[in-house]
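*Asks:* Supplied structure: run10.csv, CSV, C-alpha atoms.
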```csv
chain,number,residue,atom,x,y,z
F,1,MET,CA,110.1,99.9,169.0
F,2,LYS,CA,109.6,98.5,165.5
F,3,PRO,CA,112.2,96.3,163.9
F,4,GLY,CA,113.6,98.0,160.8
F,5,HIS,CA,112.3,101.4,161.9
F,6,GLY,CA,113.2,102.0,165.5
F,7,GLU,CA,111.0,104.3,167.5
F,8,VAL,CA,107.6,104.9,166.1
F,9,LEU,CA,105.0,107.1,167.8
F,10,LEU,CA,101.8,105.1,168.1
F,11,ALA,CA,99.4,107.4,169.9
F,12,GLU,CA,99.6,110.4,172.2
F,13,GLY,CA,97.1,112.1,174.3
F,14,ASP,CA,96.0,113.3,177.8
F,15,ARG,CA,94.8,110.5,180.0
F,16,ARG,CA,92.5,113.0,181.8
F,17,VAL,CA,90.6,113.7,178.6
F,18,ARG,CA,88.1,110.8,178.1
F,19,GLU,CA,88.2,110.7,174.2
F,20,GLU,CA,92.0,110.8,174.2
F,21,GLU,CA,92.2,108.1,176.9
F,22,GLU,CA,89.9,105.9,174.9
F,23,ARG,CA,92.3,106.2,172.0
F,24,LEU,CA,95.2,105.4,174.2
F,25,VAL,CA,93.5,102.3,175.7
F,26,GLU,CA,92.6,101.1,172.2
F,27,GLU,CA,96.2,101.4,171.0
F,28,PHE,CA,97.5,99.8,174.2
F,29,ARG,CA,95.3,96.8,173.7
F,30,ARG,CA,96.1,96.5,170.0
F,31,GLN,CA,99.8,96.4,170.8
F,32,LEU,CA,99.4,93.8,173.5
F,33,ASP,CA,97.1,91.7,171.1
F,34,GLU,CA,99.9,91.9,168.6
F,35,GLY,CA,102.2,90.2,171.1
F,36,MET,CA,104.2,93.3,172.1
F,37,TRP,CA,105.4,93.8,175.7
F,38,ALA,CA,104.9,97.2,177.3
F,39,ALA,CA,107.1,98.9,179.8
F,40,VAL,CA,107.5,102.2,181.6
F,41,PRO,CA,111.0,103.5,182.6
F,42,THR,CA,110.9,104.4,186.3
F,43,THR,CA,113.3,105.3,189.1
F,44,HIS,CA,113.5,102.8,192.0
F,45,PRO,CA,112.3,104.7,195.1
F,46,GLY,CA,114.9,103.2,197.4
F,47,SER,CA,118.2,103.1,195.4
F,48,GLY,CA,117.4,105.8,192.9
F,49,ARG,CA,118.4,103.4,190.1
F,50,ARG,CA,116.6,103.5,186.8
F,51,GLU,CA,114.6,100.4,185.9
F,52,ALA,CA,111.6,99.4,183.8
F,53,GLN,CA,108.2,98.4,185.0
F,54,LEU,CA,106.4,95.8,182.9
F,55,ILE,CA,102.8,96.9,182.2
F,56,ARG,CA,100.3,94.1,181.7
F,57,ALA,CA,97.1,96.1,181.7
F,58,TYR,CA,96.3,99.8,181.0
F,59,GLY,CA,95.4,100.3,184.6
F,60,ASP,CA,99.0,99.3,185.6
F,61,ILE,CA,100.5,102.4,184.0
F,62,PRO,CA,101.8,104.6,186.9
F,63,GLU,CA,100.1,107.9,187.3
F,64,GLY,CA,103.0,110.1,186.4
F,65,ALA,CA,104.2,108.0,183.5
F,66,ASP,CA,104.7,110.2,180.4
F,67,ARG,CA,105.1,107.3,178.0
F,68,VAL,CA,104.8,103.6,177.5
F,69,ILE,CA,107.3,101.8,175.4
F,70,PHE,CA,106.2,98.8,173.4
F,71,PHE,CA,108.8,96.3,172.3
F,72,PRO,CA,108.7,92.8,170.7
F,73,ARG,CA,108.5,90.1,173.3
F,74,ALA,CA,111.7,88.3,173.9
F,75,SER,CA,112.3,84.8,172.5
F,76,GLY,CA,115.2,82.5,172.6
F,77,GLY,CA,117.7,83.4,169.9
S,78,MET,CA,98.0,113.5,85.7
S,79,LEU,CA,99.5,115.5,88.5
S,80,LEU,CA,96.1,116.0,90.0
S,81,ALA,CA,95.5,112.3,89.9
S,82,LEU,CA,98.9,111.6,91.7
S,83,LEU,CA,98.1,114.2,94.4
S,84,ALA,CA,94.7,112.6,95.0
S,85,LEU,CA,96.3,109.2,95.2
S,86,ALA,CA,98.8,110.5,97.7
S,87,LEU,CA,96.1,112.0,99.8
S,88,VAL,CA,94.1,108.8,99.8
S,89,ALA,CA,97.2,106.8,100.8
S,90,LEU,CA,98.0,109.3,103.6
S,91,THR,CA,94.5,109.1,104.9
S,92,LEU,CA,94.6,105.3,104.9
S,93,ALA,CA,98.0,105.2,106.6
S,94,ALA,CA,97.2,107.8,109.3
S,95,PRO,CA,95.6,105.3,111.8
S,96,MET,CA,98.6,103.0,111.5
S,97,VAL,CA,101.0,105.9,112.0
S,98,VAL,CA,99.1,107.1,115.1
S,99,ARG,CA,99.0,103.6,116.5
S,100,GLU,CA,102.8,103.2,116.0
S,101,LEU,CA,103.5,106.5,117.6
S,102,SER,CA,101.4,105.8,120.7
S,103,ARG,CA,103.0,102.3,121.0
S,104,ARG,CA,106.5,103.9,121.0
S,105,ARG,CA,105.3,106.5,123.6
S,106,GLU,CA,104.1,103.6,125.8
S,107,LEU,CA,107.4,101.8,125.4
S,108,ARG,CA,109.4,104.9,126.4
S,109,ARG,CA,107.2,105.4,129.5
S,110,ALA,CA,107.7,101.8,130.5
S,111,ALA,CA,111.5,102.1,130.0
S,112,LYS,CA,111.5,105.2,132.1
S,113,GLY,CA,109.7,103.4,134.9
S,114,ARG,CA,112.2,100.5,134.8
S,115,ASP,CA,115.0,103.0,135.3
S,116,GLY,CA,113.8,103.2,138.9
S,117,LEU,CA,111.8,106.4,138.9
S,118,ASP,CA,108.5,104.6,139.8
S,119,LEU,CA,110.1,102.2,142.2
S,120,PRO,CA,110.4,102.9,146.0
S,121,LEU,CA,113.8,104.4,146.5
S,122,TYR,CA,116.2,102.8,148.9
S,123,ASP,CA,116.9,105.3,151.7
S,124,PRO,CA,120.5,104.7,152.9
S,125,GLY,CA,120.0,107.1,155.8
S,126,ARG,CA,117.0,105.3,157.3
S,127,GLU,CA,118.9,102.9,159.4
S,128,ARG,CA,121.3,105.6,160.6
S,129,ARG,CA,118.4,107.8,161.6
S,130,ALA,CA,116.6,104.9,163.3
S,131,GLU,CA,119.8,104.2,165.3
S,132,GLN,CA,120.1,107.9,166.3
S,133,ARG,CA,116.5,107.9,167.6
S,134,ALA,CA,117.2,104.6,169.4
S,135,ARG,CA,120.2,106.1,171.1
S,136,GLU,CA,118.2,109.1,172.3
S,137,LEU,CA,115.5,106.8,173.6
S,138,LEU,CA,118.0,104.6,175.4
S,139,ARG,CA,119.6,107.7,176.9
S,140,SER,CA,116.3,108.9,178.2
S,141,CYS,CA,115.5,105.6,179.9
S,142,VAL,CA,118.7,104.4,181.6
S,143,ASN,CA,120.6,106.3,184.2
S,144,ALA,CA,123.6,108.5,183.5
S,145,GLU,CA,126.2,105.9,184.4
S,146,GLU,CA,124.6,103.2,182.3
S,147,TRP,CA,124.3,105.6,179.3
S,148,ALA,CA,128.0,106.6,179.7
S,149,MET,CA,128.9,102.9,179.9
S,150,TYR,CA,127.1,102.2,176.7
S,151,ARG,CA,128.5,105.2,174.9
S,152,ASP,CA,132.1,104.5,176.0
S,153,LEU,CA,132.2,100.7,176.1
S,154,GLY,CA,129.4,99.5,173.9
S,155,PHE,CA,127.5,97.5,176.6
S,156,ILE,CA,125.5,98.0,179.7
S,157,ARG,CA,125.8,96.1,183.0
S,158,VAL,CA,122.7,95.3,184.9
S,159,ALA,CA,122.7,93.8,188.4
S,160,GLY,CA,121.0,90.5,189.0
S,161,LYS,CA,118.1,90.7,191.5
S,162,HIS,CA,118.4,87.3,193.1
S,163,ALA,CA,120.8,86.1,195.8
S,164,ARG,CA,122.0,82.5,195.6
S,165,ARG,CA,123.0,82.2,199.2
S,166,ASP,CA,122.3,84.2,202.4
S,167,ALA,CA,125.9,85.3,202.3
S,168,ASP,CA,125.2,87.1,199.0
S,169,ARG,CA,122.5,89.2,200.6
S,170,GLY,CA,123.3,92.6,201.9
S,171,GLY,CA,126.9,92.4,200.5
S,172,ARG,CA,128.8,95.0,198.8
S,173,GLY,CA,127.2,94.4,195.4
S,174,PRO,CA,125.0,92.0,193.6
S,175,ALA,CA,125.8,88.3,193.6
S,176,TYR,CA,125.8,88.3,189.8
S,177,ALA,CA,125.3,90.7,187.0
S,178,TYR,CA,124.6,90.8,183.3
S,179,LEU,CA,126.4,92.4,180.4
S,180,ILE,CA,124.0,93.6,177.7
S,181,TYR,CA,125.4,93.8,174.2
S,182,ALA,CA,123.5,94.8,171.1
S,183,HIS,CA,122.4,91.8,169.0
S,184,LYS,CA,124.5,89.5,171.0
S,185,PRO,CA,123.7,87.2,173.9
S,186,ILE,CA,123.3,88.5,177.4
S,187,VAL,CA,126.3,87.4,179.6
S,188,ALA,CA,125.9,86.5,183.3
S,189,TYR,CA,128.9,86.8,185.5
S,190,VAL,CA,130.0,87.2,189.1
S,191,PRO,CA,131.2,90.8,189.6
S,192,GLN,CA,133.4,89.9,192.7
S,193,SER,CA,135.4,87.3,190.9
S,194,GLY,CA,134.9,88.0,187.2
S,195,GLN,CA,133.7,84.4,186.7
S,196,LEU,CA,131.7,84.0,183.6
S,197,LEU,CA,128.5,82.0,184.3
S,198,SER,CA,126.5,81.7,181.1
S,199,GLU,CA,125.2,83.4,178.0
S,200,TYR,CA,121.5,83.9,177.3
S,201,CYS,CA,120.5,84.1,173.7
S,202,VAL,CA,117.6,86.5,173.4
S,203,GLU,CA,116.1,88.2,170.4
S,204,PHE,CA,113.1,90.5,169.7
S,205,PRO,CA,111.6,89.2,166.5
S,206,ASP,CA,109.7,91.2,164.0
S,207,MET,CA,106.1,90.7,165.0
S,208,SER,CA,104.9,91.9,161.6
S,209,GLY,CA,106.3,88.8,160.0
S,210,GLY,CA,109.2,90.6,158.4
S,211,ARG,CA,112.9,89.8,158.9
S,212,HIS,CA,114.0,93.2,160.2
S,213,ARG,CA,116.0,93.7,163.4
S,214,LEU,CA,115.7,96.4,166.0
S,215,PRO,CA,118.3,99.1,165.7
S,216,ALA,CA,121.3,98.2,168.0
S,217,SER,CA,120.4,100.7,170.7
S,218,ASP,CA,116.8,99.6,170.7
S,219,ASP,CA,117.9,96.0,171.1
S,220,VAL,CA,120.0,97.0,174.2
S,221,LEU,CA,117.1,99.0,175.6
S,222,ALA,CA,114.6,96.1,175.0
S,223,LYS,CA,117.0,93.8,176.9
S,224,TRP,CA,117.5,96.4,179.7
S,225,MET,CA,113.7,96.8,180.1
S,226,ALA,CA,113.1,93.1,180.0
S,227,LEU,CA,115.8,92.4,182.6
S,228,THR,CA,115.1,95.2,185.0
S,229,SER,CA,111.3,94.7,184.9
S,230,ASP,CA,111.0,90.9,184.9
S,231,GLU,CA,114.3,89.2,185.0
S,232,ASP,CA,112.9,85.7,185.5
S,233,ARG,CA,110.6,85.9,182.5
S,234,VAL,CA,113.3,87.0,180.1
S,235,ILE,CA,115.8,84.4,181.4
S,236,ARG,CA,113.1,81.7,181.1
S,237,ARG,CA,112.5,82.6,177.5
S,238,ALA,CA,116.2,82.8,176.6
S,239,ASN,CA,118.3,79.9,175.3
S,240,MET,CA,121.0,79.4,177.9
S,241,HIS,CA,124.4,78.2,176.9
S,242,LEU,CA,127.8,78.0,178.5
S,243,VAL,CA,129.9,81.1,177.7
S,244,GLY,CA,131.8,80.5,174.5
S,245,ARG,CA,129.0,79.4,172.2
S,246,GLN,CA,128.5,82.7,170.5
S,247,LEU,CA,130.8,85.0,172.4
S,248,ASP,CA,134.5,84.7,172.8
S,249,PRO,CA,135.2,84.4,176.6
S,250,ALA,CA,138.5,86.2,176.1
S,251,ARG,CA,136.7,89.1,174.7
S,252,ILE,CA,134.2,89.2,177.6
S,253,ARG,CA,137.1,89.1,180.1
S,254,ARG,CA,138.7,92.0,178.2
S,255,ASP,CA,135.4,93.9,178.4
S,256,LEU,CA,135.2,93.3,182.1
S,257,TRP,CA,138.7,94.6,182.5
S,258,ARG,CA,137.8,97.7,180.4
S,259,LEU,CA,134.7,98.1,182.6
S,260,ALA,CA,136.8,98.0,185.7
S,261,GLU,CA,139.3,100.5,184.3
S,262,TRP,CA,136.4,102.8,183.2
S,263,GLU,CA,134.9,102.7,186.7
S,264,ARG,CA,138.3,103.5,188.2
S,265,ARG,CA,138.7,106.5,185.9
S,266,ARG,CA,135.3,107.8,186.7
S,267,GLN,CA,135.9,107.3,190.4
S,268,ARG,CA,139.1,109.2,190.1
S,269,ARG,CA,137.4,112.0,188.2
S,270,ARG,CA,134.7,112.2,190.9
S,271,GLN,CA,137.3,112.4,193.6
S,272,VAL,CA,139.2,115.2,191.9
S,273,ALA,CA,136.0,117.1,191.2
S,274,SER,CA,134.9,116.8,194.9
S,275,SER,CA,138.3,117.8,196.2
S,276,GLU,CA,138.4,121.0,194.1
```
Take the structure in the file and give it back as structure tokens.
*Replies:*
Amino acid sequence: MKPGHGEVLLAEGDRRVREEEERLVEEFRRQLDEGMWAAVPTTHPGSGRREAQLIRAYGDIPEGADRVIFFPRASGG
Amino acid sequence: MLLALLALALVALTLAAPMVVRELSRRRELRRAAKGRDGLDLPLYDPGRERRAEQRARELLRSCVNAEEWAMYRDLGFIRVAGKHARRDADRGGRGPAYAYLIYAHKPIVAYVPQSGQLLSEYCVEFPDMSGGRHRLPASDDVLAKWMALTSDEDRVIRRANMHLVGRQLDPARIRRDLWRLAEWERRRQRRRQVASSE
């Protein structure tokens, strides 16, 4: 999510393909270095409720996740 | 005599030619510059950009939250998120969460007690433009960012927020009216579900 623009596709690729995963990792790190937060929308296994899982490292991305959403980190308004 | 005049005119014309050419090219440059100032060379303001960004943001929000939360946002303009902590043992395992949040677009998050409707506090949170600009997220992206921050790491976002008593930025009467609208909305949905299941 980019202020003034909304949703912007940063990178896409197949994690199983090494070159594509390298590109994804690079973009993931770049976003975190810029101070963005990353999250993956998931479904809570118990209640079935939708929630987000905060991703702090590329390895934290759940296996079946089809996207990671980056958004500016929250600050006091 | 005539021949001499013609020769003189020819000489004058030859001498004046560079000046005429210079003057013509100067005027051409001026015309081109004026054309640029009319806006043709400037980046055009796109009045639909924000609308399209908001449409994309709504689709993204819809794809992330559950059907009830999406319907709540679509119909009421805010989303309720349950708080994850229990203040007392009596709050645990009850009928619902001990407290909940109302997420508005570009407004503070409001914490309240669902059982009593008591308003607890408002948390001012924003998602600044990390590129140094002064743009804001589209409204639905702001709601989604709050939703993701609250549902993934409630403590972190609440720690970062500026907490105030309700009434600093939001009108308490308006929030109570929103809670009443929410209750009515849930009653209507419940009724519709009952009718659908009885048919």
*Asks:* Should the cut-off be 8 Å, what would the residue list for chain F against chain S look like, counting all atoms listed in the file, as JSON, numbers by chain?
*Replies:* {"F": [1, 2, 3, 4, 5, 6, 7, 34, 35, 36, 39, 41, 42, 49, 50, 51, 52, 53, 54, 71, 72, 73, 74, 75, 76, 77]}
*Asks:* Tell me, as a list in words, which residues lie within 10 Å of stretch 257-262 of chain S, counting only C-alpha atoms; anything in the same chain fewer than 2 positions away does not count.
*Replies:*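 Counting only C-alpha atoms, the residues come to Ala148, Met149, Asp152, Leu153, Phe155, Ile156, Arg157, Pro191, Gly194, Arg251, Ile252, Arg253, Arg254, Asp255, Arg264, Arg265, Arg266, Gln267 and Arg268 of chain S.
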*Asks:* Write the residues of the preceding selection, restricted to C-alpha atoms, as a PDB file, keeping the file's coordinate frame.
*Replies:*
```pdb
ATOM      1  CA  ALA S 148     128.000 106.600 179.700  1.00  0.00           C
ATOM      2  CA  MET S 149     128.900 102.900 179.900  1.00  0.00           C
ATOM      3  CA  ASP S 152     132.100 104.500 176.000  1.00  0.00           C
ATOM      4  CA  LEU S 153     132.200 100.700 176.100  1.00  0.00           C
ATOM      5  CA  PHE S 155     127.500  97.500 176.600  1.00  0.00           C
ATOM      6  CA  ILE S 156     125.500  98.000 179.700  1.00  0.00           C
ATOM      7  CA  ARG S 157     125.800  96.100 183.000  1.00  0.00           C
ATOM      8  CA  PRO S 191     131.200  90.800 189.600  1.00  0.00           C
ATOM      9  CA  GLY S 194     134.900  88.000 187.200  1.00  0.00           C
ATOM     10  CA  ARG S 251     136.700  89.100 174.700  1.00  0.00           C
ATOM     11  CA  ILE S 252     134.200  89.200 177.600  1.00  0.00           C
ATOM     12  CA  ARG S 253     137.100  89.100 180.100  1.00  0.00           C
ATOM     13  CA  ARG S 254     138.700  92.000 178.200  1.00  0.00           C
ATOM     14  CA  ASP S 255     135.400  93.900 178.400  1.00  0.00           C
ATOM     15  CA  ARG S 264     138.300 103.500 188.200  1.00  0.00           C
ATOM     16  CA  ARG S 265     138.700 106.500 185.900  1.00  0.00           C
ATOM     17  CA  ARG S 266     135.300 107.800 186.700  1.00  0.00           C
ATOM     18  CA  GLN S 267     135.900 107.300 190.400  1.00  0.00           C
ATOM     19  CA  ARG S 268     139.100 109.200 190.100  1.00  0.00           C
TER      20      ARG S 268
END
```
*Asks:* Interatomic distance between atom CA of S:Gln246 and atom CA of S:Ala182?
*Replies:*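 One can read the atom CA of S:Gln246 to atom CA of S:Ala182 distance as 13.1 Å.
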*Asks:* Within 12 Å of stretch 12-27 of chain F, counting only C-alpha atoms, which residues qualify if same-chain residues fewer than 6 places away don't, as a VMD selection string?
*Replies:* chain F and resid 33 to 34 36 38 57 to 70
*Asks:* I need the chosen residues saved as a compact mmCIF listing (two decimals), keeping the file's coordinate frame, with C-alpha atoms.
*Replies:*
```
# COMPACT_ATOMS: atom_id res chain seq x y z
CA ASP F 33 97.10 91.70 171.10
CA GLU F 34 99.90 91.90 168.60
CA MET F 36 104.20 93.30 172.10
CA ALA F 38 104.90 97.20 177.30
CA ALA F 57 97.10 96.10 181.70
CA TYR F 58 96.30 99.80 181.00
CA GLY F 59 95.40 100.30 184.60
CA ASP F 60 99.00 99.30 185.60
CA ILE F 61 100.50 102.40 184.00
CA PRO F 62 101.80 104.60 186.90
CA GLU F 63 100.10 107.90 187.30
CA GLY F 64 103.00 110.10 186.40
CA ALA F 65 104.20 108.00 183.50
CA ASP F 66 104.70 110.20 180.40
CA ARG F 67 105.10 107.30 178.00
CA VAL F 68 104.80 103.60 177.50
CA ILE F 69 107.30 101.80 175.40
CA PHE F 70 106.20 98.80 173.40
```
*Asks:* Grab the atom CA of S:Ala175 to atom CA of S:Asp248 distance for me, in Å with one decimal place.
*Replies:*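 Interatomic distance here is 22.8 Å.
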*Asks:* How many Å separate atom CA of S:Val187 from atom CA of S:Gly209?
*Replies:* 28.0 Å
